[in-house]
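Raw contents of work_38.pdb, PDB, C-alpha atoms:
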```pdb
ATOM      1  CA  MET A  14      79.256  79.245  91.442  1.00  0.00           C
ATOM      2  CA  SER A  15      80.584  79.549  94.957  1.00  0.00           C
ATOM      3  CA  GLU A  16      78.673  78.426  97.969  1.00  0.00           C
ATOM      4  CA  ILE A  17      78.580  81.153 100.644  1.00  0.00           C
ATOM      5  CA  PHE A  18      78.371  80.314 104.345  1.00  0.00           C
ATOM      6  CA  SER A  19      78.069  82.612 107.353  1.00  0.00           C
ATOM      7  CA  GLY A  20      79.046  82.066 110.952  1.00  0.00           C
ATOM      8  CA  ILE A  21      78.649  83.847 114.273  1.00  0.00           C
ATOM      9  CA  GLY A  22      81.006  83.564 117.214  1.00  0.00           C
ATOM     10  CA  PHE A  23      80.935  84.907 120.754  1.00  0.00           C
ATOM     11  CA  ASP A  24      83.428  84.784 123.593  1.00  0.00           C
ATOM     12  CA  ALA A  25      83.690  86.272 127.070  1.00  0.00           C
ATOM     13  CA  HIS A  26      86.367  86.151 129.757  1.00  0.00           C
ATOM     14  CA  LYS A  27      86.643  87.671 133.198  1.00  0.00           C
ATOM     15  CA  PHE A  28      89.655  89.730 134.163  1.00  0.00           C
ATOM     16  CA  GLY A  29      92.319  88.141 136.314  1.00  0.00           C
ATOM     17  CA  ILE A  30      94.883  89.877 138.487  1.00  0.00           C
ATOM     18  CA  LYS A  31      97.806  90.042 136.035  1.00  0.00           C
ATOM     19  CA  GLN A  32      98.523  93.024 133.814  1.00  0.00           C
ATOM     20  CA  GLY A  33      99.017  92.605 130.079  1.00  0.00           C
ATOM     21  CA  ALA A  34      95.906  91.545 128.179  1.00  0.00           C
ATOM     22  CA  TRP A  35      95.971  89.961 124.757  1.00  0.00           C
ATOM     23  CA  ILE A  36      93.113  91.377 122.697  1.00  0.00           C
ATOM     24  CA  ALA A  37      92.726  91.216 118.915  1.00  0.00           C
ATOM     25  CA  CYS A  38      96.160  89.532 118.622  1.00  0.00           C
ATOM     26  CA  LEU A  39      97.905  92.461 120.321  1.00  0.00           C
ATOM     27  CA  GLU A  40      99.283  92.877 123.814  1.00  0.00           C
ATOM     28  CA  TRP A  41      97.729  95.694 125.833  1.00  0.00           C
ATOM     29  CA  PRO A  42     100.170  96.088 128.757  1.00  0.00           C
ATOM     30  CA  GLU A  43      98.026  98.666 130.571  1.00  0.00           C
ATOM     31  CA  SER A  44      94.986  96.340 130.699  1.00  0.00           C
ATOM     32  CA  LEU A  45      94.258  93.481 133.053  1.00  0.00           C
ATOM     33  CA  ALA A  46      94.685  90.095 131.409  1.00  0.00           C
ATOM     34  CA  CYS A  47      91.650  87.931 130.872  1.00  0.00           C
ATOM     35  CA  GLU A  48      91.631  84.517 132.515  1.00  0.00           C
ATOM     36  CA  GLY A  49      91.414  81.465 130.319  1.00  0.00           C
ATOM     37  CA  HIS A  50      93.029  78.199 129.248  1.00  0.00           C
ATOM     38  CA  SER A  51      94.742  80.097 126.437  1.00  0.00           C
ATOM     39  CA  ASP A  52      95.686  83.772 126.338  1.00  0.00           C
ATOM     40  CA  GLY A  53      92.078  84.922 126.879  1.00  0.00           C
ATOM     41  CA  ASP A  54      91.912  86.856 123.577  1.00  0.00           C
ATOM     42  CA  VAL A  55      88.134  87.251 123.302  1.00  0.00           C
ATOM     43  CA  VAL A  56      88.290  88.805 119.823  1.00  0.00           C
ATOM     44  CA  ALA A  57      90.417  86.024 118.341  1.00  0.00           C
ATOM     45  CA  HIS A  58      88.297  83.375 120.055  1.00  0.00           C
ATOM     46  CA  ALA A  59      85.025  84.832 118.756  1.00  0.00           C
ATOM     47  CA  ILE A  60      86.461  84.910 115.221  1.00  0.00           C
ATOM     48  CA  CYS A  61      87.632  81.289 115.555  1.00  0.00           C
ATOM     49  CA  ASP A  62      84.173  80.164 116.649  1.00  0.00           C
ATOM     50  CA  ALA A  63      82.532  82.094 113.802  1.00  0.00           C
ATOM     51  CA  LEU A  64      84.834  80.495 111.214  1.00  0.00           C
ATOM     52  CA  LEU A  65      84.394  77.010 112.638  1.00  0.00           C
ATOM     53  CA  SER A  66      80.622  77.514 112.772  1.00  0.00           C
ATOM     54  CA  ALA A  67      80.434  78.692 109.163  1.00  0.00           C
ATOM     55  CA  ALA A  68      82.418  75.645 108.025  1.00  0.00           C
ATOM     56  CA  ASN A  69      80.370  73.295 110.263  1.00  0.00           C
ATOM     57  CA  LEU A  70      83.565  72.170 112.003  1.00  0.00           C
ATOM     58  CA  GLY A  71      82.454  72.461 115.618  1.00  0.00           C
ATOM     59  CA  ASP A  72      83.793  75.139 117.934  1.00  0.00           C
ATOM     60  CA  LEU A  73      86.917  76.041 119.885  1.00  0.00           C
ATOM     61  CA  GLY A  74      86.122  73.571 122.649  1.00  0.00           C
ATOM     62  CA  SER A  75      85.651  70.622 120.337  1.00  0.00           C
ATOM     63  CA  ASN A  76      88.810  71.405 118.355  1.00  0.00           C
ATOM     64  CA  PHE A  77      91.161  72.845 121.005  1.00  0.00           C
ATOM     65  CA  GLY A  78      89.699  71.662 124.303  1.00  0.00           C
ATOM     66  CA  THR A  79      90.922  72.619 127.748  1.00  0.00           C
ATOM     67  CA  SER A  80      91.660  68.959 128.471  1.00  0.00           C
ATOM     68  CA  ASP A  81      94.555  69.065 125.989  1.00  0.00           C
ATOM     69  CA  PRO A  82      97.635  70.674 127.592  1.00  0.00           C
ATOM     70  CA  LYS A  83      98.976  71.397 124.096  1.00  0.00           C
ATOM     71  CA  TRP A  84      96.640  74.404 123.933  1.00  0.00           C
ATOM     72  CA  ALA A  85      97.374  75.825 127.393  1.00  0.00           C
ATOM     73  CA  GLY A  86      98.484  79.437 127.016  1.00  0.00           C
ATOM     74  CA  VAL A  87      98.228  79.371 123.201  1.00  0.00           C
ATOM     75  CA  SER A  88      97.923  82.789 121.592  1.00  0.00           C
ATOM     76  CA  GLY A  89      94.827  83.977 119.796  1.00  0.00           C
ATOM     77  CA  ALA A  90      96.935  84.479 116.660  1.00  0.00           C
ATOM     78  CA  ASN A  91      98.045  80.835 116.761  1.00  0.00           C
ATOM     79  CA  LEU A  92      94.458  79.657 117.245  1.00  0.00           C
ATOM     80  CA  LEU A  93      93.361  81.759 114.258  1.00  0.00           C
ATOM     81  CA  ALA A  94      96.145  80.204 112.169  1.00  0.00           C
ATOM     82  CA  GLU A  95      95.092  76.697 113.235  1.00  0.00           C
ATOM     83  CA  VAL A  96      91.446  77.414 112.401  1.00  0.00           C
ATOM     84  CA  TYR A  97      92.548  78.806 109.038  1.00  0.00           C
ATOM     85  CA  LYS A  98      94.266  75.471 108.330  1.00  0.00           C
ATOM     86  CA  LEU A  99      91.122  73.540 109.288  1.00  0.00           C
ATOM     87  CA  ILE A 100      88.777  75.528 107.071  1.00  0.00           C
ATOM     88  CA  SER A 101      91.295  75.616 104.203  1.00  0.00           C
ATOM     89  CA  ALA A 102      91.531  71.829 104.320  1.00  0.00           C
ATOM     90  CA  GLU A 103      87.783  71.817 103.629  1.00  0.00           C
ATOM     91  CA  LYS A 104      88.352  74.114 100.608  1.00  0.00           C
ATOM     92  CA  PHE A 105      86.856  77.225 102.225  1.00  0.00           C
ATOM     93  CA  LYS A 106      88.153  80.747 101.576  1.00  0.00           C
ATOM     94  CA  ILE A 107      87.471  83.627 103.924  1.00  0.00           C
ATOM     95  CA  GLN A 108      85.476  86.419 102.303  1.00  0.00           C
ATOM     96  CA  ASN A 109      85.051  88.723 105.304  1.00  0.00           C
ATOM     97  CA  VAL A 110      85.578  88.851 109.061  1.00  0.00           C
ATOM     98  CA  SER A 111      83.869  91.423 111.266  1.00  0.00           C
ATOM     99  CA  ALA A 112      84.494  91.515 115.019  1.00  0.00           C
ATOM    100  CA  GLN A 113      83.394  93.745 117.867  1.00  0.00           C
ATOM    101  CA  LEU A 114      85.000  94.017 121.297  1.00  0.00           C
ATOM    102  CA  ILE A 115      82.525  94.656 124.123  1.00  0.00           C
ATOM    103  CA  GLY A 116      83.961  96.354 127.200  1.00  0.00           C
ATOM    104  CA  ASN A 117      85.088  99.598 128.772  1.00  0.00           C
ATOM    105  CA  SER A 118      88.772  99.299 127.979  1.00  0.00           C
ATOM    106  CA  PRO A 119      91.122  99.158 126.270  1.00  0.00           C
ATOM    107  CA  LYS A 120      90.126 101.729 123.683  1.00  0.00           C
ATOM    108  CA  ILE A 121      90.546 100.036 120.302  1.00  0.00           C
ATOM    109  CA  GLY A 122      90.573 103.210 118.172  1.00  0.00           C
ATOM    110  CA  PRO A 123      94.241 104.183 118.616  1.00  0.00           C
ATOM    111  CA  ARG A 124      95.420 100.673 117.655  1.00  0.00           C
ATOM    112  CA  ARG A 125      92.575  99.569 115.353  1.00  0.00           C
ATOM    113  CA  ASP A 126      94.723  99.388 112.196  1.00  0.00           C
ATOM    114  CA  GLU A 127      97.444  97.465 114.035  1.00  0.00           C
ATOM    115  CA  ALA A 128      94.882  94.990 115.414  1.00  0.00           C
ATOM    116  CA  ILE A 129      93.235  94.514 112.025  1.00  0.00           C
ATOM    117  CA  SER A 130      96.640  93.849 110.491  1.00  0.00           C
ATOM    118  CA  ALA A 131      97.537  91.307 113.192  1.00  0.00           C
ATOM    119  CA  ILE A 132      94.242  89.415 112.804  1.00  0.00           C
ATOM    120  CA  SER A 133      94.450  89.524 109.005  1.00  0.00           C
ATOM    121  CA  SER A 134      98.032  88.256 109.114  1.00  0.00           C
ATOM    122  CA  ALA A 135      97.026  85.278 111.267  1.00  0.00           C
ATOM    123  CA  LEU A 136      94.308  84.530 108.685  1.00  0.00           C
ATOM    124  CA  ARG A 137      96.725  84.859 105.728  1.00  0.00           C
ATOM    125  CA  GLY A 138      95.483  88.206 104.453  1.00  0.00           C
ATOM    126  CA  ALA A 139      91.747  87.904 105.080  1.00  0.00           C
ATOM    127  CA  ARG A 140      89.631  91.049 104.953  1.00  0.00           C
ATOM    128  CA  VAL A 141      88.944  92.084 108.581  1.00  0.00           C
ATOM    129  CA  SER A 142      87.026  94.876 110.256  1.00  0.00           C
ATOM    130  CA  LEU A 143      87.102  95.605 113.992  1.00  0.00           C
ATOM    131  CA  SER A 144      84.905  97.793 116.146  1.00  0.00           C
ATOM    132  CA  ALA A 145      84.262  98.230 119.843  1.00  0.00           C
ATOM    133  CA  THR A 146      81.416  99.228 122.110  1.00  0.00           C
ATOM    134  CA  THR A 147      80.584  99.570 125.772  1.00  0.00           C
ATOM    135  CA  THR A 148      77.425  98.482 127.516  1.00  0.00           C
ATOM    136  CA  ASP A 149      76.844 101.804 129.294  1.00  0.00           C
ATOM    137  CA  GLY A 150      77.714 100.308 132.657  1.00  0.00           C
ATOM    138  CA  MET A 151      75.406  97.295 132.349  1.00  0.00           C
ATOM    139  CA  GLY A 152      76.441  93.681 132.921  1.00  0.00           C
ATOM    140  CA  PHE A 153      79.863  92.222 133.654  1.00  0.00           C
ATOM    141  CA  THR A 154      81.551  94.153 130.838  1.00  0.00           C
ATOM    142  CA  GLY A 155      79.993  97.418 131.958  1.00  0.00           C
ATOM    143  CA  SER A 156      81.054  96.927 135.561  1.00  0.00           C
ATOM    144  CA  GLY A 157      84.624  96.224 134.449  1.00  0.00           C
ATOM    145  CA  GLU A 158      84.679  92.538 135.411  1.00  0.00           C
ATOM    146  CA  GLY A 159      85.743  91.311 131.976  1.00  0.00           C
ATOM    147  CA  LEU A 160      85.449  91.532 128.215  1.00  0.00           C
ATOM    148  CA  ALA A 161      83.331  89.953 125.515  1.00  0.00           C
ATOM    149  CA  ALA A 162      83.493  89.854 121.730  1.00  0.00           C
ATOM    150  CA  LEU A 163      81.164  89.027 118.879  1.00  0.00           C
ATOM    151  CA  ALA A 164      82.245  88.058 115.369  1.00  0.00           C
ATOM    152  CA  THR A 165      80.562  87.314 112.074  1.00  0.00           C
ATOM    153  CA  VAL A 166      82.224  85.800 109.025  1.00  0.00           C
ATOM    154  CA  LEU A 167      81.491  84.926 105.438  1.00  0.00           C
ATOM    155  CA  ILE A 168      83.340  82.047 103.827  1.00  0.00           C
ATOM    156  CA  ALA A 169      82.984  80.526 100.383  1.00  0.00           C
ATOM    157  CA  ARG A 170      83.704  77.202  98.758  1.00  0.00           C
TER     158      ARG A 170
END
```
So, in terms of structure tokens, how does the structure I just supplied come out?
Amino acid sequence: MSEIFSGIGFDAHKFGIKQGAWIACLEWPESLACEGHSDGDVVAHAICDALLSAANLGDLGSNFGTSDPKWAGVSGANLLAEVYKLISAEKFKIQNVSAQLIGNSPKIGPRRDEAISAISSALRGARVSLSATTTDGMGFTGSGEGLAALATVLIAR
């Protein structure tokens, strides 16, 4: 019998001044980019933390810390691929990934399938679902100061 493990991940970044956000492994040229040590992809980062949590392998900071210049500017897709390698080395297989973007824009709907495909590709074909929500004007995401994302995963060994 397989052992099933679940994990939850969360990430948030404030907007910077540059155009061209990376969200859910896609570039959104009409959106402000999120600030961060890497590309600021809150969806990819939340998924990474959820996978690492489920496998009891720490978190993004302990595996890809800001003190290591190797990870400066790294893409969310590359981080997902690196996390996939880490959990695979521990004999885990991804059963499901579910992520939700929290913010006013961009609107995920028109590019949802493309984003799901990009995330799944980075995770070597994992089953992925992606949704989005606003906070009805409340908090930093509602006021347009940045974005957040939440992810849950199931992995098995």
Exercise. By how many Å are atom CA of A:Ser156 and atom CA of A:Asn117 apart?
Worked result: 8.3 Å
For this session: Using the chain letters and residue numbers of this document, give as a count of residues only the residues selected by the PyMOL selection byres ((chain A and resi 63) around 7).
Result: 14
Restrict the calculation to all atoms listed in the file, then for each residue of stretch 99-160 of chain A with any atom at most 12 Å from an atom of stretch 84-91 of chain A give the closest atom pair and their distance in Å to one decimal, rows by chain and rising residue number, as CSV.
```
residue,atom,partner,partner_atom,distance
A:Ala128,CA,A:Ala90,CA,10.8
A:Ile129,CA,A:Ala90,CA,11.7
A:Ser130,CA,A:Ala90,CA,11.2
A:Ala131,CA,A:Ala90,CA,7.7
A:Ile132,CA,A:Ala90,CA,6.8
A:Ser133,CA,A:Ala90,CA,9.5
A:Ser134,CA,A:Ala90,CA,8.5
A:Ala135,CA,A:Ala90,CA,5.5
A:Leu136,CA,A:Ala90,CA,8.4
A:Arg137,CA,A:Ala90,CA,10.9
```
For this session: Pull out every residue that the PyMOL selection byres ((chain A and resi 39-45) around 12) matches in the shown coordinates and put them as a PyMOL selection string.
Result: chain A and resi 26-38+46-48+52-57+88-90+116-121+123-132+134-135+157-160
Exercise. What gap, in Å, lies between atom CA of A:Arg170 and atom CA of A:Gly71?
Worked result: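 Straight-line distance from atom CA of A:Arg170 to atom CA of A:Gly71 works out to 17.6 Å.
From atom CA of A:Ser142 back to atom CA of A:Ile107, the distance works out to 12.9 Å.
Closest approach to A:Thr147 among A:Ser101, A:Ser80, A:Gln113, A:Ser51: A:Gln113, based on all atoms listed in the file.
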Kindly compute an axis-aligned box around the listed atoms of stretch 39-55 of chain A, allowing 5 Å on each side, and express its centre and edge lengths in Å to one decimal as AutoDock Vina command-line options.
```
--center_x 94.2 --center_y 88.4 --center_z 126.7 --size_x 22.0 --size_y 30.5 --size_z 22.7
```
For this session: Determine, counting all atoms listed in the file, which protein, DNA and RNA residues have an atom within 10 Å of an atom of A:Asn109; residues of the same chain fewer than 5 positions away are not included. Present the result as a list in words.
Result: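 In the requested form, the answer reads Ser19, Ala139, Arg140, Val141, Ser142, Thr165, Val166, Leu167, Ile168 and Ala169 of chain A.
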For this session: Using only C-alpha atoms, find the one residue out of A:Ile115, A:Val110, A:Ala68, A:Phe23 that sits nearest to A:Gly152.
Result: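 Answer, going by the shortest atom-to-atom distance: A:Ile115.
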Exercise. Taking into account all atoms listed in the file, which residue in the set A:Asp81, A:Asp24, A:Glu16, A:Glu103 is nearest to A:Ala161?
Worked result: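 Of all the options, A:Asp24 lies closest to A:Ala161.
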Exercise. Nearest to A:Leu143: which of A:Ala102, A:Leu70, A:Ala112, A:Val96 is it, counting all atoms listed in the file?
Worked result: A:Ala112
Have stretch 121-145 of chain A completed to N, CA and C atoms, please, and pass it along as a PDB file, in the frame of the given file.
```pdb
ATOM      1  N   ILE A 121      90.019 100.650 121.522  1.00  0.00           N
ATOM      2  CA  ILE A 121      90.546 100.036 120.302  1.00  0.00           C
ATOM      3  C   ILE A 121      91.015 101.082 119.291  1.00  0.00           C
ATOM      4  N   GLY A 122      90.323 102.213 119.215  1.00  0.00           N
ATOM      5  CA  GLY A 122      90.573 103.210 118.172  1.00  0.00           C
ATOM      6  C   GLY A 122      92.029 103.514 117.882  1.00  0.00           C
ATOM      7  N   PRO A 123      92.848 103.824 118.899  1.00  0.00           N
ATOM      8  CA  PRO A 123      94.241 104.183 118.616  1.00  0.00           C
ATOM      9  C   PRO A 123      95.073 103.055 117.999  1.00  0.00           C
ATOM     10  N   ARG A 124      94.643 101.805 118.182  1.00  0.00           N
ATOM     11  CA  ARG A 124      95.420 100.673 117.655  1.00  0.00           C
ATOM     12  C   ARG A 124      94.608  99.801 116.691  1.00  0.00           C
ATOM     13  N   ARG A 125      93.474 100.351 116.219  1.00  0.00           N
ATOM     14  CA  ARG A 125      92.575  99.569 115.353  1.00  0.00           C
ATOM     15  C   ARG A 125      93.312  99.010 114.132  1.00  0.00           C
ATOM     16  N   ASP A 126      94.036  99.849 113.407  1.00  0.00           N
ATOM     17  CA  ASP A 126      94.723  99.388 112.196  1.00  0.00           C
ATOM     18  C   ASP A 126      95.748  98.302 112.512  1.00  0.00           C
ATOM     19  N   GLU A 127      96.462  98.463 113.612  1.00  0.00           N
ATOM     20  CA  GLU A 127      97.444  97.465 114.035  1.00  0.00           C
ATOM     21  C   GLU A 127      96.759  96.132 114.365  1.00  0.00           C
ATOM     22  N   ALA A 128      95.626  96.205 115.058  1.00  0.00           N
ATOM     23  CA  ALA A 128      94.882  94.990 115.414  1.00  0.00           C
ATOM     24  C   ALA A 128      94.325  94.306 114.168  1.00  0.00           C
ATOM     25  N   ILE A 129      93.763  95.088 113.267  1.00  0.00           N
ATOM     26  CA  ILE A 129      93.235  94.514 112.025  1.00  0.00           C
ATOM     27  C   ILE A 129      94.358  93.814 111.261  1.00  0.00           C
ATOM     28  N   SER A 130      95.498  94.441 111.190  1.00  0.00           N
ATOM     29  CA  SER A 130      96.640  93.849 110.491  1.00  0.00           C
ATOM     30  C   SER A 130      97.083  92.546 111.151  1.00  0.00           C
ATOM     31  N   ALA A 131      97.118  92.513 112.475  1.00  0.00           N
ATOM     32  CA  ALA A 131      97.537  91.307 113.192  1.00  0.00           C
ATOM     33  C   ALA A 131      96.553  90.158 112.975  1.00  0.00           C
ATOM     34  N   ILE A 132      95.266  90.447 113.035  1.00  0.00           N
ATOM     35  CA  ILE A 132      94.242  89.415 112.804  1.00  0.00           C
ATOM     36  C   ILE A 132      94.319  88.933 111.361  1.00  0.00           C
ATOM     37  N   SER A 133      94.381  89.874 110.420  1.00  0.00           N
ATOM     38  CA  SER A 133      94.450  89.524 109.005  1.00  0.00           C
ATOM     39  C   SER A 133      95.683  88.676 108.711  1.00  0.00           C
ATOM     40  N   SER A 134      96.803  89.017 109.314  1.00  0.00           N
ATOM     41  CA  SER A 134      98.032  88.256 109.114  1.00  0.00           C
ATOM     42  C   SER A 134      97.875  86.817 109.588  1.00  0.00           C
ATOM     43  N   ALA A 135      97.251  86.631 110.747  1.00  0.00           N
ATOM     44  CA  ALA A 135      97.026  85.278 111.267  1.00  0.00           C
ATOM     45  C   ALA A 135      96.117  84.465 110.349  1.00  0.00           C
ATOM     46  N   LEU A 136      95.252  85.172 109.606  1.00  0.00           N
ATOM     47  CA  LEU A 136      94.308  84.530 108.685  1.00  0.00           C
ATOM     48  C   LEU A 136      94.772  84.655 107.230  1.00  0.00           C
ATOM     49  N   ARG A 137      96.074  84.822 107.046  1.00  0.00           N
ATOM     50  CA  ARG A 137      96.725  84.859 105.728  1.00  0.00           C
ATOM     51  C   ARG A 137      96.114  85.888 104.780  1.00  0.00           C
ATOM     52  N   GLY A 138      95.907  87.093 105.297  1.00  0.00           N
ATOM     53  CA  GLY A 138      95.483  88.206 104.453  1.00  0.00           C
ATOM     54  C   GLY A 138      93.986  88.405 104.317  1.00  0.00           C
ATOM     55  N   ALA A 139      93.202  87.749 105.161  1.00  0.00           N
ATOM     56  CA  ALA A 139      91.747  87.904 105.080  1.00  0.00           C
ATOM     57  C   ALA A 139      91.331  89.347 105.329  1.00  0.00           C
ATOM     58  N   ARG A 140      90.213  89.730 104.735  1.00  0.00           N
ATOM     59  CA  ARG A 140      89.631  91.049 104.953  1.00  0.00           C
ATOM     60  C   ARG A 140      88.993  91.055 106.342  1.00  0.00           C
ATOM     61  N   VAL A 141      89.394  92.017 107.178  1.00  0.00           N
ATOM     62  CA  VAL A 141      88.944  92.084 108.581  1.00  0.00           C
ATOM     63  C   VAL A 141      88.485  93.489 108.909  1.00  0.00           C
ATOM     64  N   SER A 142      87.410  93.603 109.660  1.00  0.00           N
ATOM     65  CA  SER A 142      87.026  94.876 110.256  1.00  0.00           C
ATOM     66  C   SER A 142      86.876  94.652 111.755  1.00  0.00           C
ATOM     67  N   LEU A 143      87.136  95.698 112.534  1.00  0.00           N
ATOM     68  CA  LEU A 143      87.102  95.605 113.992  1.00  0.00           C
ATOM     69  C   LEU A 143      86.478  96.864 114.557  1.00  0.00           C
ATOM     70  N   SER A 144      85.530  96.675 115.453  1.00  0.00           N
ATOM     71  CA  SER A 144      84.905  97.793 116.146  1.00  0.00           C
ATOM     72  C   SER A 144      84.843  97.473 117.630  1.00  0.00           C
ATOM     73  N   ALA A 145      84.387  98.429 118.401  1.00  0.00           N
ATOM     74  CA  ALA A 145      84.262  98.230 119.843  1.00  0.00           C
ATOM     75  C   ALA A 145      83.055  99.002 120.356  1.00  0.00           C
TER      76      ALA A 145
END
```
